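K.L.:
Structure file data-v8.cif (mmCIF, C-alpha atoms) is given on the next line.
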```cif
data_work
loop_
_atom_site.label_atom_id
_atom_site.label_comp_id
_atom_site.auth_asym_id
_atom_site.auth_seq_id
_atom_site.Cartn_x
_atom_site.Cartn_y
_atom_site.Cartn_z
CA MET A 1 2.20 -27.67 -2.77
CA HIS A 2 -0.55 -25.16 -3.55
CA ARG A 3 -2.81 -26.50 -6.31
CA VAL A 4 -3.88 -24.00 -8.98
CA VAL A 5 -6.47 -25.06 -11.55
CA VAL A 6 -7.11 -22.86 -14.58
CA LEU A 7 -10.56 -23.29 -16.14
CA ALA A 8 -10.43 -22.51 -19.86
CA LEU A 9 -13.77 -21.65 -21.46
CA ASP A 10 -14.67 -21.69 -25.13
CA GLY A 11 -13.23 -18.62 -26.87
CA VAL A 12 -10.49 -18.24 -24.24
CA MET A 13 -7.81 -15.61 -24.89
CA PRO A 14 -4.40 -17.31 -25.12
CA PHE A 15 -2.50 -14.48 -23.44
CA GLU A 16 -4.69 -14.53 -20.36
CA LEU A 17 -4.73 -18.34 -20.34
CA GLY A 18 -0.93 -18.35 -20.21
CA ILE A 19 -0.60 -15.95 -17.28
CA PRO A 20 -1.30 -18.34 -14.34
CA PRO A 21 1.00 -21.16 -15.56
CA ARG A 22 3.76 -18.66 -16.23
CA ILE A 23 3.55 -16.67 -12.99
CA PHE A 24 2.79 -19.52 -10.57
CA GLY A 25 4.92 -21.99 -12.49
CA VAL A 26 8.20 -20.17 -11.89
CA ALA A 27 7.62 -19.49 -8.18
CA ILE A 28 10.10 -21.51 -6.14
CA GLY A 29 10.92 -21.72 -2.46
CA PRO A 30 14.31 -21.37 -0.71
CA ASP A 31 15.02 -25.04 -1.43
CA GLY A 32 14.44 -24.55 -5.14
CA GLN A 33 11.23 -26.58 -5.14
CA PRO A 34 8.08 -25.35 -6.94
CA LEU A 35 5.56 -23.65 -4.71
CA TYR A 36 2.56 -24.24 -6.97
CA ARG A 37 1.21 -27.04 -9.16
CA VAL A 38 -0.72 -25.62 -12.10
CA ARG A 39 -3.20 -27.60 -14.20
CA ILE A 40 -5.43 -26.43 -17.06
CA CYS A 41 -8.87 -27.94 -17.51
CA THR A 42 -12.06 -27.37 -19.46
CA VAL A 43 -15.64 -28.01 -18.41
CA ASP A 44 -15.80 -31.41 -20.14
CA GLY A 45 -12.12 -32.16 -20.79
CA ARG A 46 -12.51 -31.46 -24.50
CA ALA A 47 -10.70 -28.90 -26.63
CA VAL A 48 -11.91 -25.30 -26.56
CA SER A 49 -11.50 -22.62 -29.20
CA THR A 50 -9.46 -19.46 -28.67
CA ASP A 51 -9.88 -16.01 -30.15
CA ALA A 52 -6.52 -16.46 -31.92
CA GLY A 53 -7.56 -19.06 -34.48
CA PHE A 54 -6.40 -22.24 -32.77
CA ALA A 55 -7.78 -24.66 -30.20
CA VAL A 56 -6.51 -25.61 -26.75
CA VAL A 57 -6.53 -29.29 -25.83
CA PRO A 58 -6.47 -29.72 -22.04
CA GLU A 59 -5.20 -32.65 -20.04
CA TYR A 60 -7.99 -32.42 -17.46
CA ASP A 61 -11.70 -31.81 -17.04
CA ALA A 62 -13.65 -29.89 -14.39
CA GLY A 63 -13.19 -32.71 -11.89
CA GLU A 64 -9.86 -31.02 -11.06
CA LEU A 65 -11.76 -28.12 -9.49
CA ALA A 66 -12.66 -30.26 -6.48
CA GLU A 67 -8.96 -30.49 -5.56
CA ALA A 68 -7.96 -26.88 -6.29
CA ASP A 69 -6.69 -24.46 -3.67
CA THR A 70 -7.00 -21.64 -6.20
CA VAL A 71 -9.22 -21.60 -9.30
CA VAL A 72 -8.39 -19.10 -12.05
CA ILE A 73 -10.79 -18.34 -14.91
CA PRO A 74 -9.16 -16.42 -17.80
CA ALA A 75 -11.06 -14.07 -20.10
CA THR A 76 -13.13 -15.11 -23.09
CA HIS A 77 -15.05 -13.09 -25.69
CA GLU A 78 -17.64 -15.85 -26.07
CA LEU A 79 -19.67 -15.26 -22.92
CA GLY A 80 -23.02 -15.63 -24.70
CA PRO A 81 -25.95 -15.67 -22.23
CA ILE A 82 -23.65 -14.63 -19.39
CA TYR A 83 -22.89 -11.31 -21.08
CA GLN A 84 -26.38 -10.84 -22.46
CA HIS A 85 -28.55 -11.93 -19.55
CA GLY A 86 -26.24 -12.64 -16.60
CA ARG A 87 -27.02 -16.37 -16.66
CA LEU A 88 -24.61 -19.29 -16.54
CA PRO A 89 -24.95 -22.18 -19.00
CA GLU A 90 -25.91 -25.30 -17.06
CA PRO A 91 -22.65 -27.26 -17.76
CA LEU A 92 -20.56 -24.35 -16.50
CA ALA A 93 -22.81 -23.89 -13.45
CA ARG A 94 -22.32 -27.57 -12.57
CA ALA A 95 -18.57 -27.25 -13.01
CA LEU A 96 -18.36 -24.24 -10.71
CA ALA A 97 -20.50 -25.99 -8.12
CA GLY A 98 -17.74 -28.59 -7.91
CA ILE A 99 -15.20 -26.12 -6.52
CA ARG A 100 -14.37 -27.21 -3.01
CA PRO A 101 -15.33 -24.94 -0.09
CA GLY A 102 -12.50 -22.67 0.98
CA ALA A 103 -10.82 -22.47 -2.42
CA ARG A 104 -9.78 -19.08 -3.76
CA ILE A 105 -11.57 -18.07 -6.96
CA VAL A 106 -9.91 -15.65 -9.37
CA SER A 107 -11.10 -14.04 -12.59
CA ILE A 108 -8.96 -12.33 -15.22
CA CYS A 109 -10.55 -9.55 -17.26
CA THR A 110 -14.08 -10.37 -18.52
CA ALA A 111 -14.16 -13.68 -16.64
CA SER A 112 -15.55 -11.52 -13.82
CA TYR A 113 -18.88 -11.98 -15.64
CA VAL A 114 -18.67 -15.69 -14.85
CA LEU A 115 -18.12 -15.08 -11.13
CA ALA A 116 -20.92 -12.51 -11.03
CA ALA A 117 -23.36 -14.77 -12.87
CA ALA A 118 -22.56 -17.50 -10.33
CA GLY A 119 -23.56 -15.10 -7.52
CA LEU A 120 -20.03 -15.01 -6.11
CA LEU A 121 -19.72 -11.21 -6.35
CA ASP A 122 -23.07 -10.14 -4.88
CA GLY A 123 -22.45 -7.36 -2.37
CA ARG A 124 -18.69 -7.55 -2.94
CA PRO A 125 -16.17 -5.22 -4.58
CA ALA A 126 -14.90 -6.30 -8.00
CA THR A 127 -13.44 -5.01 -11.22
CA THR A 128 -13.27 -5.93 -14.90
CA HIS A 129 -11.92 -4.42 -18.10
CA TRP A 130 -12.66 -0.68 -18.03
CA ARG A 131 -14.39 -0.90 -21.42
CA ASP A 132 -17.00 -3.32 -20.00
CA ALA A 133 -17.35 -1.80 -16.53
CA ALA A 134 -20.58 0.12 -17.21
CA HIS A 135 -22.26 -2.87 -18.86
CA PHE A 136 -21.00 -5.15 -16.09
CA GLN A 137 -22.55 -2.88 -13.45
CA ARG A 138 -25.88 -2.74 -15.29
CA THR A 139 -25.95 -6.52 -15.70
CA PHE A 140 -25.01 -7.21 -12.08
CA PRO A 141 -26.28 -4.29 -9.97
CA LEU A 142 -25.46 -6.04 -6.68
CA VAL A 143 -21.72 -5.98 -7.44
CA LYS A 144 -19.67 -3.01 -6.18
CA VAL A 145 -17.76 -2.33 -9.40
CA ASP A 146 -14.54 -0.32 -9.26
CA PRO A 147 -13.45 0.43 -12.85
CA ASN A 148 -10.27 2.26 -11.86
CA VAL A 149 -8.14 -0.42 -10.19
CA LEU A 150 -5.92 -3.13 -11.67
CA PHE A 151 -7.36 -5.80 -9.39
CA VAL A 152 -9.54 -6.31 -6.33
CA ASP A 153 -8.61 -8.69 -3.54
CA ASP A 154 -11.67 -9.51 -1.45
CA GLY A 155 -10.11 -12.42 0.37
CA ASP A 156 -11.35 -15.64 -1.19
CA VAL A 157 -12.61 -13.99 -4.39
CA LEU A 158 -10.35 -11.85 -6.55
CA THR A 159 -10.97 -10.07 -9.85
CA SER A 160 -8.61 -8.31 -12.23
CA ALA A 161 -8.98 -5.65 -14.88
CA GLY A 162 -8.19 -6.29 -18.52
CA VAL A 163 -5.48 -8.43 -20.07
CA ALA A 164 -2.08 -7.70 -18.44
CA ALA A 165 -3.75 -6.83 -15.13
CA GLY A 166 -3.97 -10.60 -14.73
CA VAL A 167 -0.18 -10.55 -14.33
CA ASP A 168 -0.51 -7.98 -11.55
CA LEU A 169 -3.13 -10.08 -9.78
CA CYS A 170 -1.19 -13.35 -10.02
CA LEU A 171 1.96 -11.64 -8.74
CA HIS A 172 -0.13 -10.22 -5.90
CA LEU A 173 -1.25 -13.72 -4.98
CA VAL A 174 2.36 -14.96 -4.93
CA ARG A 175 3.23 -11.97 -2.76
CA ARG A 176 0.28 -12.68 -0.48
CA ASP A 177 1.20 -16.36 -0.18
CA HIS A 178 4.97 -16.14 0.09
CA GLY A 179 6.04 -12.51 0.49
CA SER A 180 7.69 -9.86 -1.65
CA GLU A 181 11.00 -11.68 -2.03
CA VAL A 182 9.47 -14.60 -3.91
CA ALA A 183 7.11 -12.35 -5.90
CA ASN A 184 10.01 -10.14 -6.95
CA GLN A 185 11.98 -13.18 -8.10
CA VAL A 186 9.02 -14.28 -10.21
CA ALA A 187 8.68 -10.79 -11.69
CA ARG A 188 12.37 -10.68 -12.61
CA ARG A 189 12.15 -14.12 -14.19
CA CYS A 190 9.15 -13.01 -16.27
CA VAL A 191 10.69 -9.58 -17.02
CA VAL A 192 7.70 -7.67 -15.68
CA PRO A 193 7.44 -5.04 -12.93
CA PRO A 194 6.72 -6.58 -9.51
CA TRP A 195 4.28 -3.78 -8.76
CA ARG A 196 2.62 -1.31 -11.11
CA ASP A 197 1.65 2.12 -9.86
CA GLY A 198 -1.92 3.22 -10.18
CA GLY A 199 -4.91 1.56 -11.75
CA GLN A 200 -6.44 0.95 -15.14
CA ALA A 201 -7.78 4.51 -15.23
CA GLN A 202 -4.44 5.50 -16.72
CA TYR A 203 -5.14 3.25 -19.74
CA ILE A 204 -8.60 4.55 -20.61
CA GLU A 205 -8.75 6.14 -24.05
CA ARG A 206 -8.27 9.89 -23.92
CA PRO A 207 -7.45 12.59 -26.46
CA VAL A 208 -3.79 12.76 -27.46
CA PRO A 209 -2.08 15.38 -25.23
CA GLU A 210 -0.44 18.49 -26.55
CA PRO A 211 3.34 18.37 -27.14
CA ALA A 212 3.87 20.60 -24.13
CA PHE A 213 2.06 18.09 -21.91
CA SER A 214 3.76 17.87 -18.51
CA THR A 215 3.68 14.70 -16.43
CA THR A 216 4.11 13.80 -12.79
CA ALA A 217 6.53 10.94 -13.49
CA ALA A 218 9.65 12.82 -12.38
CA THR A 219 7.94 13.89 -9.16
CA ARG A 220 6.85 10.32 -8.44
CA ALA A 221 10.45 9.12 -8.88
CA TRP A 222 11.65 11.98 -6.66
CA ALA A 223 9.09 11.08 -3.97
CA LEU A 224 10.08 7.40 -3.97
CA GLU A 225 13.58 8.41 -2.91
CA ARG A 226 12.18 10.47 -0.02
CA LEU A 227 9.39 8.37 1.44
CA ASP A 228 10.72 9.03 4.94
CA ASP A 229 10.07 12.77 4.45
CA PRO A 230 6.63 14.35 5.08
CA LEU A 231 5.98 15.01 1.33
CA PRO A 232 2.94 17.30 1.58
CA LEU A 233 0.81 17.78 -1.52
CA SER A 234 2.03 21.35 -1.88
CA GLY A 235 5.65 20.15 -1.95
CA LEU A 236 4.89 17.55 -4.62
CA ALA A 237 3.10 20.15 -6.75
CA ARG A 238 5.98 22.60 -6.31
CA HIS A 239 8.50 19.97 -7.45
CA ALA A 240 6.35 19.29 -10.54
CA GLY A 241 6.08 23.01 -11.26
CA MET A 242 2.28 22.97 -11.08
CA SER A 243 -0.46 24.37 -8.92
CA VAL A 244 -1.86 21.95 -6.37
CA ARG A 245 -5.11 21.72 -8.33
CA SER A 246 -3.39 21.02 -11.66
CA PHE A 247 -0.98 18.54 -10.08
CA THR A 248 -3.78 16.60 -8.39
CA ARG A 249 -5.81 16.42 -11.60
CA ARG A 250 -2.81 15.40 -13.69
CA PHE A 251 -1.73 12.81 -11.10
CA ARG A 252 -5.17 11.18 -11.08
CA ASP A 253 -5.23 11.09 -14.87
CA GLU A 254 -1.84 9.38 -15.04
CA VAL A 255 -1.94 7.07 -12.03
CA GLY A 256 -5.63 6.51 -11.37
CA MET A 257 -5.60 7.61 -7.73
CA THR A 258 -4.88 10.64 -5.56
CA PRO A 259 -1.29 11.55 -4.63
CA GLY A 260 -2.05 10.79 -0.99
CA ARG A 261 -3.37 7.32 -1.75
CA TRP A 262 -0.40 6.60 -3.99
CA LEU A 263 2.07 7.69 -1.29
CA THR A 264 0.38 5.47 1.28
CA LEU A 265 0.63 2.44 -1.03
CA GLN A 266 4.33 3.10 -1.71
CA ARG A 267 5.01 3.45 2.02
CA VAL A 268 3.18 0.20 2.75
CA GLU A 269 5.32 -1.57 0.14
CA ARG A 270 8.49 -0.07 1.67
CA ALA A 271 7.40 -1.23 5.11
CA ARG A 272 6.62 -4.75 3.86
CA HIS A 273 10.04 -5.02 2.25
CA LEU A 274 11.79 -3.88 5.44
CA LEU A 275 9.75 -6.26 7.60
CA GLU A 276 10.75 -9.15 5.36
CA SER A 277 14.39 -8.31 4.78
CA SER A 278 15.75 -6.44 7.81
CA ASP A 279 16.18 -6.61 11.56
CA LEU A 280 14.87 -3.08 12.06
CA SER A 281 12.33 -2.54 14.82
CA VAL A 282 8.76 -1.58 13.99
CA ASP A 283 9.51 1.96 15.20
CA GLN A 284 12.48 2.23 12.83
CA ILE A 285 10.52 0.80 9.92
CA ALA A 286 7.65 3.23 10.55
CA ALA A 287 10.14 6.10 10.35
CA ARG A 288 11.92 4.83 7.24
CA ALA A 289 8.68 4.15 5.42
CA GLY A 290 7.40 7.64 6.19
CA PHE A 291 4.61 6.69 8.59
CA GLY A 292 6.24 8.39 11.55
CA ALA A 293 4.43 6.74 14.44
CA PRO A 294 4.30 2.92 14.70
CA SER A 295 0.54 3.20 15.25
CA SER A 296 0.17 4.68 11.76
CA LEU A 297 2.21 1.83 10.24
CA ARG A 298 0.09 -0.75 12.08
CA GLN A 299 -3.14 0.87 10.89
CA HIS A 300 -2.12 1.07 7.23
CA LEU A 301 -0.51 -2.39 7.12
CA ARG A 302 -3.55 -4.00 8.70
CA SER A 303 -5.75 -2.19 6.19
CA ALA A 304 -3.58 -3.38 3.28
CA VAL A 305 -2.84 -6.99 4.23
CA GLY A 306 -5.03 -7.70 7.23
CA VAL A 307 -2.32 -8.28 9.86
CA PRO A 308 -0.11 -6.15 12.13
CA PRO A 309 3.65 -5.77 11.48
CA ALA A 310 4.77 -8.48 13.90
CA ALA A 311 2.46 -11.10 12.39
CA TYR A 312 3.48 -10.10 8.87
CA ARG A 313 7.16 -10.44 9.76
CA ARG A 314 6.64 -13.90 11.29
CA THR A 315 4.91 -15.08 8.14
CA PHE A 316 7.17 -13.62 5.47
CA ARG A 317 10.54 -13.05 7.13
CA THR A 318 13.26 -14.52 4.91
CA VAL A 319 15.59 -17.07 6.47
CA THR A 320 18.67 -14.93 5.98
CA ALA A 321 17.60 -11.34 6.46
CA THR A 322 20.01 -8.69 5.28
CA PRO A 323 20.80 -6.24 8.08
CA ILE A 324 20.25 -2.59 7.14
CA ALA A 325 22.77 -0.21 8.63
CA THR A 326 21.38 2.37 11.02
CA PRO A 327 23.07 5.78 10.79
CA VAL A 328 25.34 6.58 13.73
CA ALA A 329 24.61 9.82 15.51
CA GLY A 330 27.09 12.49 14.51
CA ALA A 331 28.39 10.50 11.52
#
```
The structure in this file should be written as structure tokens.
P.N.:
Amino acid sequence: MHRVVVLALDGVMPFELGIPPRIFGVAIGPDGQPLYRVRICTVDGRAVSTDAGFAVVPEYDAGELAEADTVVIPATHELGPIYQHGRLPEPLARALAGIRPGARIVSICTASYVLAAAGLLDGRPATTHWRDAAHFQRTFPLVKVDPNVLFVDDGDVLTSAGVAAGVDLCLHLVRRDHGSEVANQVARRCVVPPWRDGGQAQYIERPVPEPAFSTTAATRAWALERLDDPLPLSGLARHAGMSVRSFTRRFRDEVGMTPGRWLTLQRVERARHLLESSDLSVDQIAARAGFGAPSSLRQHLRSAVGVPPAAYRRTFRTVTATPIATPVAGA
């Protein structure tokens, strides 16, 4: 069983603290057995305050970190010298030094400051709450900060944007560990979307739009039903009733990425689902996901998850795949 240890710091935010136990705690395998064991600890095993007017009393201290496969640090507003000077308090530094080699380390929201102050993000991509991104970059200039995404997966170190983006990141980890089928089951159990389009750029404060404001939502829904079609930018803009320039600008404002990038991500997700749940060949999946050539599917899947289609299927193929009917010529 994968061991997840959540390190609660003084001033922890209860919502973010509750995300890892909730997401990992309901993940079960085909035999109905839990896939993760989640424990909450503090640096010294004593109670910590929250920003909601009550304290959290843990069952464990930082000694649990030595046994963790994944360590998650939720956000806190009380970062003190970390936020001000980029320095870790000595007790916290000692606690983090006890994390065993090879463990995954995850931050939710402003807990990215903790990872950066520990030197874990030097030279690596990372994110944090969009409101703190500029300060975060100034405080830790060696970190490659991306303020637009919901989370960054850099292998053994992962960071999320603000608040609910921690849900997206934890679901991503379940998906990475056990595939889309298990992650989707967890999402349904928690009544949250298994995958959110775009990044946190769509949540940045902006002036209230005019009543006649037009969106790209209908075109995105239309495109999702036609991923196996070419879907050029001009066709998307035409469906939305906008010029290409206006459509691209509006799309970026709403979703946080270009239409082309968004389409690629949706096609990768379609391909992953088909690899896990069908007997279709790689050629057929490339066509149905809209990649056309298998080489394009291989390139984009390897870029997204680090492995080619065959290896992904071996890892995440469900025991009882549901065959997908292939149209009969002339039918």
K.L.:
How many Å separate atom CA of A:Tyr83 from atom CA of A:Arg22?
P.N.:
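Value for the atom CA of A:Tyr83-atom CA of A:Arg22 distance: 28.1 Å.
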K.L.:
Tell me which residues the PyMOL selection byres ((chain A and resi 62-65) around 6) grabs here, as a ChimeraX atom specification.
P.N.:
/A:42-43,61,66-68,95,99
K.L.:
What separation in Å, quoted to one decimal, exists between atom CA of A:Leu280 and atom CA of A:Gln266?
P.N.:
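These atoms are spaced 18.4 Å apart.
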K.L.:
Once the PyMOL selection byres ((chain A and resi 50-52) around 8) has been evaluated on this model, what residues remain selected, and can you format them as an mmCIF file with C-alpha atoms, keeping the file's coordinate frame?
P.N.:
```
data_model
loop_
_atom_site.group_PDB
_atom_site.id
_atom_site.type_symbol
_atom_site.label_atom_id
_atom_site.label_comp_id
_atom_site.auth_asym_id
_atom_site.auth_seq_id
_atom_site.Cartn_x
_atom_site.Cartn_y
_atom_site.Cartn_z
ATOM 1 C CA ASP A 10 -14.670 -21.690 -25.130
ATOM 2 C CA GLY A 11 -13.230 -18.620 -26.870
ATOM 3 C CA VAL A 12 -10.490 -18.240 -24.240
ATOM 4 C CA MET A 13 -7.810 -15.610 -24.890
ATOM 5 C CA PRO A 14 -4.400 -17.310 -25.120
ATOM 6 C CA VAL A 48 -11.910 -25.300 -26.560
ATOM 7 C CA SER A 49 -11.500 -22.620 -29.200
ATOM 8 C CA GLY A 53 -7.560 -19.060 -34.480
ATOM 9 C CA PHE A 54 -6.400 -22.240 -32.770
ATOM 10 C CA ALA A 55 -7.780 -24.660 -30.200
ATOM 11 C CA VAL A 56 -6.510 -25.610 -26.750
ATOM 12 C CA THR A 76 -13.130 -15.110 -23.090
ATOM 13 C CA HIS A 77 -15.050 -13.090 -25.690
#
```
K.L.:
Give me the residues within 10 Å of A:Gln84 as number ranges by chain, counting all atoms listed in the file and dropping any in the same chain fewer than 5 places off.
P.N.:
A: 79, 135, 139
